[in-house]
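Novice: Once you've had a glance at the structure underneath, I'll fire off some questions.
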Amino acid sequence: MDNYRFKYFFKKRIQILFGFLIILLFIPLLKIFYLQIIQFERFTALSKNNSIKIIPLPPKRGVILDRNNVILADNKLVHSLEIDRAFFSALPEIKVRLKNKLNIDVDVDVDNKKTSYLYENSVPISFSLTDKQIANFVAHQYLFPKLSIKQRFIRDYPQGRSSAHLIGFINRINDEDINFLDKENLTNRYLGSTHIGKSGIEKFYENLIHGSPGFKEIEVDAKQNVIRTLQEKKPIPGKAINLTIDYRLQKIAEKAFGEKKGALVAIDPKNSEVLAYVSQPTFNPALFTNGISHAAWSNLNDKNSRTMLDRTVAGVYPPGSTLKPFVALAALTNDIRKPPFSIFDIGYFTMPRSSKVFRDWKRGGHGTVDIIKAIAVSCDTFFYGLGLELGIPNLNKVLDDFNFGKKTGIDIGGEKSGLIANKAWKKKKFNESWYAGETAITAIGQGFTLVTPLQLANATAKLANPSLSIKPHLLLSIDRIKQDKEEVKQDKQSYSDKNLNWIKIGMVNVTKEGGTAAFLGKKSNYQMASKTGTAQLFGLKIGEEYNEVTLPDNLKDHALFITYAPANDPKIVIAVIVENGGHGGSVAGPIAKKVLDAYLKNKKL
Amino acid sequence: MIKVLQKYKKRIDNHLLTITFFIIFLGLVTLSGSNLDTLNIIVNQVVNIFVGLIIFTILVFTNPRILFSYAPALFLITIFLLILVHFFGVESNGARRWLAFGFFNLQPSELMKITLPLMIAWLYQQYQNKITLWLHFTAIILISIPVYLVLLQPDLGTSIMIALSGFLIIFLAGISWRLILSSMFVAILSSPLIWINLHVYQKNRIINMLDPFVDPLGAGYHTIQSMIAIGSGGSFGKGWGEGSQTNLNFLPEANTDFIFAVYSEEFGFFGVVIIFALFLLLIFRIFILANNMQSTFSKLLTVSLGVSIFSAIFVNIAMISGLVPIVGLPLPFMSYGGTSMVVSLASIGIIMSLNNHKTLIAN
């Protein structure tokens, strides 16, 4: 190849080469065009995702106070041990090492991977570390690179076991809660939160107490170091709520109950504010905050004590003789048994056109009894006949007026409606017809009728103040702002003052000489209107609306007591039930009296 | 003094130098926008550029005949060094690539990128009147030896680059199209064989290139972060110094191998088009100079050096945009680092020296 030819040849080859290089360079150019122009949005998002993190700031839960600002539920700052959510699956192994090396217990359910998964990057695994545990952990931090110590507010219940059913408890957000929040579109309000109200006021007013989370938008570098805060919105803390409860009364009532099981409800008859709300036995709500152990849980649900049952609204009991004032009012309203009508009680009642006999609680009877005395001495004989003449429909109408057999609509969950039985109900339930005898025993509160302590207190409040038209309620104020009372629309028959007065006299006489709770009145400096009750258990157990007639003999009667005082200017109404307590006057009465004394001590009488 | 400068000016190709300086300038601009220890880096890079320019100046005044006459010796020495690597090389990450000389580490395979083209160019110059199939065959043998030695290290990337620089000269020296096509055919047929003999890490690199999102925090991490940097730049970029991928450390090696991603993030597609145009102009100018040279040796060596620069640019950009696996390769004239800058400027210096002595090598 000579030089000239080579040059020509070479020129052609570098032209080809240059063309090839241009084409070659177009490949990355096209790729970059694709990345920068076509996929721009995607990569912008990815870029922001890389460097911008949004951290939810959970709100502080609102405090729960009684009407005098006694703290029932509060928050305290604790040191918690937390794990990066990404490493949650390593928890079982970490749990064992924590226990062995540092003797720190992990209080989350390690199998429940979903717990709090949604809500935070850092999952607390152990709350309330002691100073010693913290020091110990810090010294051994290198063994646990995925764990860190943080500060967190956790719920605190300064009253301990007291009033647990009322206050309720909170627990870790679980799958069910997550589904619920999703459905209600509330997920955003729970970003960063770990707990949610599960019972009592904590649950009912979750919406108010929870608050709204804030967030912090931060820029981080590749090592997740925070470079700067781009924006921050402070969380809105939950609202502080005052309950209508007077915690002093709670305390006194709980003390008066001692080891006994039962419930007490106190209501202000002027406005239906619930002053005391006691269910015994009680539990420690703090147990639930971080997930309760299986053993503790089954202990609380022990069949005999049934600690978790909120007896005030979910315990249904036969009212026994405490129903009598209402039955009497029904009779008077229907113009039967009006004074001076009286009977001579010889200790039993014989069913008309039958040989069937119903006994009075007092052998030998009460002698001459009018309706006032019938209430005061709780004369069964009087009421058997009254019931038969009055009939179930007329009786039920009045019971319905006094809100028996339906929920009161109080602002707490789990309320049961109790039962007012009638022909149709029995037919439907047992496919049996109604017997006249059942009417007779219904009139002394021993039929199918079931009431909750709250219903009993609520009905008594209406007896004390017939114009009362407000639902019983627990919420007094939100952030110190008084709440409007919720009026109940009623279409009630009116009860004449005269009739009501007779009932009142009967109830006042209960604590007077000859009454079933005469001893209570002896040392009282105010007049009270009361009724004792002893519910014979013939198969209806608490929490169940019906049970077979196979009652263990050793089960004692329930003791009941309703009262309001002062009789002429009622300031407080109380209903007490002591399970298996025996006679109402002697067991339930003193409990009510202590609460009355405490409440009325500082009031002008 | 003025005389010296005038003499210097005469020996310089202004077009090529302007384009080069422009690219270097853009590199400095990009470096200074990052907040990663900027001052230190800029000072060091300016020093690198000065050292590069000194070498450049020395080469501009050097007679290319020296280069020509020492070509076979240089080639043999490099081959010898490659063999030494095989026995005494420093092992790192399962590969022996470096010879440790106490104060510095030498990578003979990098030297081979220059000495092989020199050798092949020398070969065709020497036998330019007797270019036959046998000469091509000899050239292929000469290429295969270093390629094989580098493959043994193992260093697939560098051996491919060396092979390409050698074959490029054969192509320019006039091998027939028929031969080119048939050898390409053989290469394609043997590609499964190559795959089988690849190391696991090499296979992983290729897999990750095909889909970096398979392992976003592992092997694919660098590619993804680089693609995010480029993609989020958009049409006109985030602005100088505003690259979040860079400044928040998401982008690895932002100052060195990945500087093009930084540039793309901050100046967008608009900036990319400008730099592509500059790169093409650079190569174009080098080809023009080669075309105007007289001797076969000069022509072949110039184009070879130009294509070397181009290959480095291409591989770096293809790697950063996720087209080829991540291989540690800096972007000529722009990446922070002394070696790359000195070698790139030296290549330009050699080209200018060849250009000055168009006829010095007798035909």
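By order in the structure tokens, chains are A, B, ...; within a chain, residues start at 1; ligands start at 1, following the order shown.
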Enumerate as a ChimeraX atom specification the residues belonging to chain A that approach chain B to within 7 Å, with only C-alpha atoms taken into account.
Specialist: /A:1-2,10-11,13-14,25,28,31-33,35-37,39-40,43-44,46-47,221-222
Novice: Near A:Ser272, counting only C-alpha atoms, which residues have an atom at most 7 Å away, once you skip same-chain residues fewer than 3 positions from it, shown as a PyMOL selection string?
Specialist: chain A and resi 267-269+470-473
Novice: Near A:Lys95, within 9 Å and counting only C-alpha atoms, which residues show up once chain neighbours fewer than 5 positions away are dropped, as a PyMOL selection string?
Specialist: chain A and resi 90+100+104-106+110
Novice: I'd like to know which of B:Gln45, B:Ser165, B:Thr256, B:Thr302 is closest to B:Pro117, using only C-alpha atoms.
Specialist: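 Nearest candidate to B:Pro117 out of B:Gln45, B:Ser165, B:Thr256, B:Thr302: B:Ser165.
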Novice: Can you list, as number ranges by chain, every residue of stretch 153-254 of chain B that DSSP puts in alpha helix (DSSP H)?
Specialist: B: 156-172, 177-197, 200-210, 221-233, 244-247
Novice: Store the residues picked out above in a file with C-alpha atoms, as a CSV table (one decimal), in the first residue's frame.
Specialist:
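Result file result_19.csv:
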```
chain,number,residue,atom,x,y,z
B,156,LEU,CA,-12.0,-8.2,32.4
B,157,GLY,CA,-12.7,-4.5,31.9
B,158,THR,CA,-9.1,-3.4,31.4
B,159,SER,CA,-8.3,-6.4,29.1
B,160,ILE,CA,-11.3,-5.5,26.9
B,161,MET,CA,-10.1,-1.9,26.7
B,162,ILE,CA,-6.6,-3.1,25.8
B,163,ALA,CA,-7.9,-5.5,23.2
B,164,LEU,CA,-10.1,-2.7,21.7
B,165,SER,CA,-7.2,-0.3,21.5
B,166,GLY,CA,-5.1,-2.9,19.7
B,167,PHE,CA,-7.8,-4.0,17.3
B,168,LEU,CA,-8.7,-0.4,16.5
B,169,ILE,CA,-5.2,0.1,15.0
B,170,ILE,CA,-5.6,-3.1,13.0
B,171,PHE,CA,-8.9,-1.7,11.7
B,172,LEU,CA,-7.4,1.6,10.8
B,177,TRP,CA,-14.1,-5.9,6.1
B,178,ARG,CA,-14.5,-9.6,5.4
B,179,LEU,CA,-12.0,-10.4,8.1
B,180,ILE,CA,-13.6,-8.0,10.5
B,181,LEU,CA,-17.1,-9.4,10.0
B,182,SER,CA,-15.9,-13.0,10.3
B,183,SER,CA,-14.0,-12.4,13.5
B,184,MET,CA,-17.0,-10.6,15.0
B,185,PHE,CA,-19.1,-13.6,14.1
B,186,VAL,CA,-16.6,-15.8,16.0
B,187,ALA,CA,-16.7,-13.5,19.0
B,188,ILE,CA,-20.5,-13.6,19.2
B,189,LEU,CA,-20.4,-17.4,19.0
B,190,SER,CA,-17.9,-17.6,21.8
B,191,SER,CA,-19.8,-15.3,24.1
B,192,PRO,CA,-21.6,-18.0,26.1
B,193,LEU,CA,-18.1,-19.5,26.7
B,194,ILE,CA,-17.0,-16.2,28.2
B,195,TRP,CA,-20.1,-16.1,30.4
B,196,ILE,CA,-19.3,-19.5,31.8
B,197,ASN,CA,-15.7,-18.5,32.6
B,200,VAL,CA,-19.3,-14.7,40.3
B,201,TYR,CA,-18.8,-11.0,41.1
B,202,GLN,CA,-18.6,-10.3,37.4
B,203,LYS,CA,-21.8,-12.1,36.7
B,204,ASN,CA,-23.5,-10.3,39.6
B,205,ARG,CA,-22.4,-7.0,38.1
B,206,ILE,CA,-24.0,-7.8,34.8
B,207,ILE,CA,-27.2,-9.0,36.5
B,208,ASN,CA,-27.3,-5.9,38.6
B,209,MET,CA,-26.8,-3.8,35.5
B,210,LEU,CA,-29.8,-5.4,33.9
B,221,TYR,CA,-27.2,0.7,45.3
B,222,HIS,CA,-24.6,2.7,43.5
B,223,THR,CA,-26.3,2.4,40.1
B,224,ILE,CA,-29.7,3.3,41.6
B,225,GLN,CA,-28.4,6.4,43.5
B,226,SER,CA,-26.6,7.5,40.3
B,227,MET,CA,-29.8,7.1,38.2
B,228,ILE,CA,-31.8,8.9,40.8
B,229,ALA,CA,-29.2,11.8,40.7
B,230,ILE,CA,-29.4,12.0,36.9
B,231,GLY,CA,-33.2,11.5,36.7
B,232,SER,CA,-34.0,14.0,39.3
B,233,GLY,CA,-32.0,16.6,37.4
B,244,SER,CA,-29.3,16.7,47.1
B,245,GLN,CA,-28.1,13.3,46.0
B,246,THR,CA,-24.6,14.7,46.0
B,247,ASN,CA,-24.6,16.9,49.1
```
Novice: Separation of atom CA of A:Pro92 and atom CA of A:Ala135, in Å?
Specialist: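 That distance, rounded to one decimal, is 22.8 Å.
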Novice: Quote the spacing between atom CA of B:Thr20 and atom CA of B:Ile274 in Å to one decimal place.
Specialist: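 Atom-to-atom, atom CA of B:Thr20 and atom CA of B:Ile274 are spaced 13.6 Å apart.
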Novice: With only C-alpha atoms as the atoms that count, which of A:Ser496, A:Asn580, A:Asn188, A:Ser477 lies nearest to A:Leu329?
Specialist: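 Distance minimum relative to A:Leu329 lands on A:Ser496.
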Novice: Residues at most 10 Å from B:Leu99, counting only C-alpha atoms, excluding those fewer than 6 positions away in the same chain, as a PDB file with all heavy atoms, in the first residue's frame?
Specialist:
```pdb
ATOM      1  N   LEU B  81       6.440  -6.538  33.159  1.00  0.00           N
ATOM      2  CA  LEU B  81       5.795  -6.105  34.402  1.00  0.00           C
ATOM      3  C   LEU B  81       4.502  -6.886  34.653  1.00  0.00           C
ATOM      4  O   LEU B  81       4.194  -7.258  35.783  1.00  0.00           O
ATOM      5  CB  LEU B  81       5.488  -4.604  34.354  1.00  0.00           C
ATOM      6  CG  LEU B  81       6.697  -3.669  34.446  1.00  0.00           C
ATOM      7  CD1 LEU B  81       6.286  -2.219  34.203  1.00  0.00           C
ATOM      8  CD2 LEU B  81       7.385  -3.808  35.806  1.00  0.00           C
ATOM      9  N   LEU B  82       3.763  -7.153  33.575  1.00  0.00           N
ATOM     10  CA  LEU B  82       2.520  -7.920  33.718  1.00  0.00           C
ATOM     11  C   LEU B  82       2.800  -9.326  34.236  1.00  0.00           C
ATOM     12  O   LEU B  82       2.048  -9.873  35.038  1.00  0.00           O
ATOM     13  CB  LEU B  82       1.779  -7.996  32.379  1.00  0.00           C
ATOM     14  CG  LEU B  82       0.887  -6.811  32.023  1.00  0.00           C
ATOM     15  CD1 LEU B  82       0.291  -6.992  30.628  1.00  0.00           C
ATOM     16  CD2 LEU B  82      -0.222  -6.625  33.045  1.00  0.00           C
ATOM     17  N   LEU B  84       5.391 -10.081  36.046  1.00  0.00           N
ATOM     18  CA  LEU B  84       5.764  -9.889  37.453  1.00  0.00           C
ATOM     19  C   LEU B  84       4.513  -9.799  38.336  1.00  0.00           C
ATOM     20  O   LEU B  84       4.463 -10.357  39.427  1.00  0.00           O
ATOM     21  CB  LEU B  84       6.581  -8.602  37.607  1.00  0.00           C
ATOM     22  CG  LEU B  84       8.066  -8.679  37.284  1.00  0.00           C
ATOM     23  CD1 LEU B  84       8.731  -7.353  37.634  1.00  0.00           C
ATOM     24  CD2 LEU B  84       8.727  -9.820  38.056  1.00  0.00           C
ATOM     25  N   VAL B  85       3.505  -9.095  37.838  1.00  0.00           N
ATOM     26  CA  VAL B  85       2.251  -8.955  38.590  1.00  0.00           C
ATOM     27  C   VAL B  85       1.694 -10.331  38.913  1.00  0.00           C
ATOM     28  O   VAL B  85       1.233 -10.592  40.014  1.00  0.00           O
ATOM     29  CB  VAL B  85       1.220  -8.130  37.798  1.00  0.00           C
ATOM     30  CG1 VAL B  85      -0.182  -8.286  38.375  1.00  0.00           C
ATOM     31  CG2 VAL B  85       1.612  -6.681  37.786  1.00  0.00           C
ATOM     32  N   HIS B  86       1.796 -11.183  37.927  1.00  0.00           N
ATOM     33  CA  HIS B  86       1.217 -12.496  38.082  1.00  0.00           C
ATOM     34  C   HIS B  86       1.843 -13.251  39.256  1.00  0.00           C
ATOM     35  O   HIS B  86       1.184 -14.020  39.953  1.00  0.00           O
ATOM     36  CB  HIS B  86       1.387 -13.291  36.783  1.00  0.00           C
ATOM     37  CG  HIS B  86       0.589 -14.554  36.782  1.00  0.00           C
ATOM     38  ND1 HIS B  86      -0.781 -14.557  36.883  1.00  0.00           N
ATOM     39  CD2 HIS B  86       0.968 -15.858  36.722  1.00  0.00           C
ATOM     40  CE1 HIS B  86      -1.217 -15.798  36.881  1.00  0.00           C
ATOM     41  NE2 HIS B  86      -0.170 -16.613  36.781  1.00  0.00           N
ATOM     42  N   PHE B  87       3.144 -12.975  39.491  1.00  0.00           N
ATOM     43  CA  PHE B  87       3.831 -13.699  40.559  1.00  0.00           C
ATOM     44  C   PHE B  87       3.950 -12.903  41.846  1.00  0.00           C
ATOM     45  O   PHE B  87       3.850 -13.437  42.932  1.00  0.00           O
ATOM     46  CB  PHE B  87       5.225 -14.132  40.078  1.00  0.00           C
ATOM     47  CG  PHE B  87       5.148 -15.168  38.989  1.00  0.00           C
ATOM     48  CD1 PHE B  87       5.419 -14.843  37.660  1.00  0.00           C
ATOM     49  CD2 PHE B  87       4.798 -16.490  39.304  1.00  0.00           C
ATOM     50  CE1 PHE B  87       5.336 -15.790  36.665  1.00  0.00           C
ATOM     51  CE2 PHE B  87       4.711 -17.436  38.297  1.00  0.00           C
ATOM     52  CZ  PHE B  87       4.976 -17.094  36.971  1.00  0.00           C
ATOM     53  N   PHE B  88       4.187 -11.591  41.702  1.00  0.00           N
ATOM     54  CA  PHE B  88       4.483 -10.801  42.903  1.00  0.00           C
ATOM     55  C   PHE B  88       3.452  -9.710  43.173  1.00  0.00           C
ATOM     56  O   PHE B  88       3.655  -8.863  44.018  1.00  0.00           O
ATOM     57  CB  PHE B  88       5.875 -10.150  42.777  1.00  0.00           C
ATOM     58  CG  PHE B  88       6.949 -11.141  42.448  1.00  0.00           C
ATOM     59  CD1 PHE B  88       7.532 -11.182  41.162  1.00  0.00           C
ATOM     60  CD2 PHE B  88       7.385 -12.055  43.420  1.00  0.00           C
ATOM     61  CE1 PHE B  88       8.511 -12.109  40.867  1.00  0.00           C
ATOM     62  CE2 PHE B  88       8.370 -12.971  43.109  1.00  0.00           C
ATOM     63  CZ  PHE B  88       8.937 -13.002  41.832  1.00  0.00           C
ATOM     64  N   GLY B  89       2.378  -9.745  42.410  1.00  0.00           N
ATOM     65  CA  GLY B  89       1.393  -8.658  42.534  1.00  0.00           C
ATOM     66  C   GLY B  89       0.705  -8.622  43.888  1.00  0.00           C
ATOM     67  O   GLY B  89       0.643  -9.613  44.600  1.00  0.00           O
ATOM     68  N   VAL B  90       0.222  -7.436  44.223  1.00  0.00           N
ATOM     69  CA  VAL B  90      -0.531  -7.271  45.470  1.00  0.00           C
ATOM     70  C   VAL B  90      -1.946  -7.775  45.231  1.00  0.00           C
ATOM     71  O   VAL B  90      -2.592  -7.390  44.256  1.00  0.00           O
ATOM     72  CB  VAL B  90      -0.581  -5.780  45.869  1.00  0.00           C
ATOM     73  CG1 VAL B  90      -1.333  -5.615  47.188  1.00  0.00           C
ATOM     74  CG2 VAL B  90       0.820  -5.218  45.963  1.00  0.00           C
ATOM     75  N   GLU B  91      -2.375  -8.648  46.122  1.00  0.00           N
ATOM     76  CA  GLU B  91      -3.722  -9.184  45.926  1.00  0.00           C
ATOM     77  C   GLU B  91      -4.729  -8.359  46.707  1.00  0.00           C
ATOM     78  O   GLU B  91      -4.525  -8.023  47.871  1.00  0.00           O
ATOM     79  CB  GLU B  91      -3.783 -10.644  46.379  1.00  0.00           C
ATOM     80  CG  GLU B  91      -5.104 -11.283  46.044  1.00  0.00           C
ATOM     81  CD  GLU B  91      -5.059 -12.806  46.153  1.00  0.00           C
ATOM     82  OE1 GLU B  91      -3.978 -13.380  46.083  1.00  0.00           O
ATOM     83  OE2 GLU B  91      -6.156 -13.390  46.305  1.00  0.00           O
ATOM     84  N   ASN B 105       2.068   2.382  44.075  1.00  0.00           N
ATOM     85  CA  ASN B 105       1.624   1.133  43.457  1.00  0.00           C
ATOM     86  C   ASN B 105       1.489   1.346  41.954  1.00  0.00           C
ATOM     87  O   ASN B 105       0.868   2.313  41.515  1.00  0.00           O
ATOM     88  CB  ASN B 105       0.276   0.704  44.027  1.00  0.00           C
ATOM     89  CG  ASN B 105       0.426   0.138  45.437  1.00  0.00           C
ATOM     90  OD1 ASN B 105       1.545  -0.156  45.877  1.00  0.00           O
ATOM     91  ND2 ASN B 105      -0.687   0.000  46.117  1.00  0.00           N
ATOM     92  N   LEU B 106       2.065   0.452  41.209  1.00  0.00           N
ATOM     93  CA  LEU B 106       1.988   0.575  39.758  1.00  0.00           C
ATOM     94  C   LEU B 106       1.027  -0.471  39.219  1.00  0.00           C
ATOM     95  O   LEU B 106       1.036  -1.620  39.635  1.00  0.00           O
ATOM     96  CB  LEU B 106       3.383   0.350  39.138  1.00  0.00           C
ATOM     97  CG  LEU B 106       3.451   0.507  37.623  1.00  0.00           C
ATOM     98  CD1 LEU B 106       3.310   1.975  37.222  1.00  0.00           C
ATOM     99  CD2 LEU B 106       4.740  -0.087  37.077  1.00  0.00           C
ATOM    100  N   GLN B 107       0.181  -0.013  38.273  1.00  0.00           N
ATOM    101  CA  GLN B 107      -0.742  -0.952  37.652  1.00  0.00           C
ATOM    102  C   GLN B 107      -0.308  -1.118  36.200  1.00  0.00           C
ATOM    103  O   GLN B 107      -0.676  -0.332  35.338  1.00  0.00           O
ATOM    104  CB  GLN B 107      -2.177  -0.420  37.745  1.00  0.00           C
ATOM    105  CG  GLN B 107      -3.210  -1.469  37.429  1.00  0.00           C
ATOM    106  CD  GLN B 107      -4.630  -0.967  37.619  1.00  0.00           C
ATOM    107  OE1 GLN B 107      -4.855   0.062  38.232  1.00  0.00           O
ATOM    108  NE2 GLN B 107      -5.589  -1.687  37.062  1.00  0.00           N
ATOM    109  N   PRO B 108       0.467  -2.154  35.907  1.00  0.00           N
ATOM    110  CA  PRO B 108       1.019  -2.323  34.541  1.00  0.00           C
ATOM    111  C   PRO B 108      -0.054  -2.422  33.466  1.00  0.00           C
ATOM    112  O   PRO B 108       0.183  -2.004  32.323  1.00  0.00           O
ATOM    113  CB  PRO B 108       1.802  -3.634  34.636  1.00  0.00           C
ATOM    114  CG  PRO B 108       2.101  -3.799  36.080  1.00  0.00           C
ATOM    115  CD  PRO B 108       0.945  -3.198  36.814  1.00  0.00           C
TER     116      PRO B 108
END
```
Novice: Nearest to B:Ala71 among B:Leu301, B:Ile141, B:Ile286, B:Ala277, with distances taken over only C-alpha atoms: which residue is it?
Specialist: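 Closest to B:Ala71, using only C-alpha atoms: B:Leu301.
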Novice: Can you tell me, as a list in words, what residues are no more than 10 Å from A:Phe144 when counting only C-alpha atoms, ignoring any on the same chain fewer than 6 positions away?
Specialist: Ile83, Ile94, Arg97, Leu98, Phe137 and Val138 of chain A
Novice: Find, counting only C-alpha atoms, the residue in B:Arg96, B:Lys238, B:His136, B:Lys7 that gets nearest to B:Ala121.
Specialist: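 The shortest atom-to-atom distance to B:Ala121 comes from B:His136.
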Novice: With distances taken over only C-alpha atoms, which residue among B:Asn255, B:Thr138, B:Thr18, B:Thr115 lies nearest B:Ser304?
Specialist: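 Closest to B:Ser304 of all the choices is B:Thr115.
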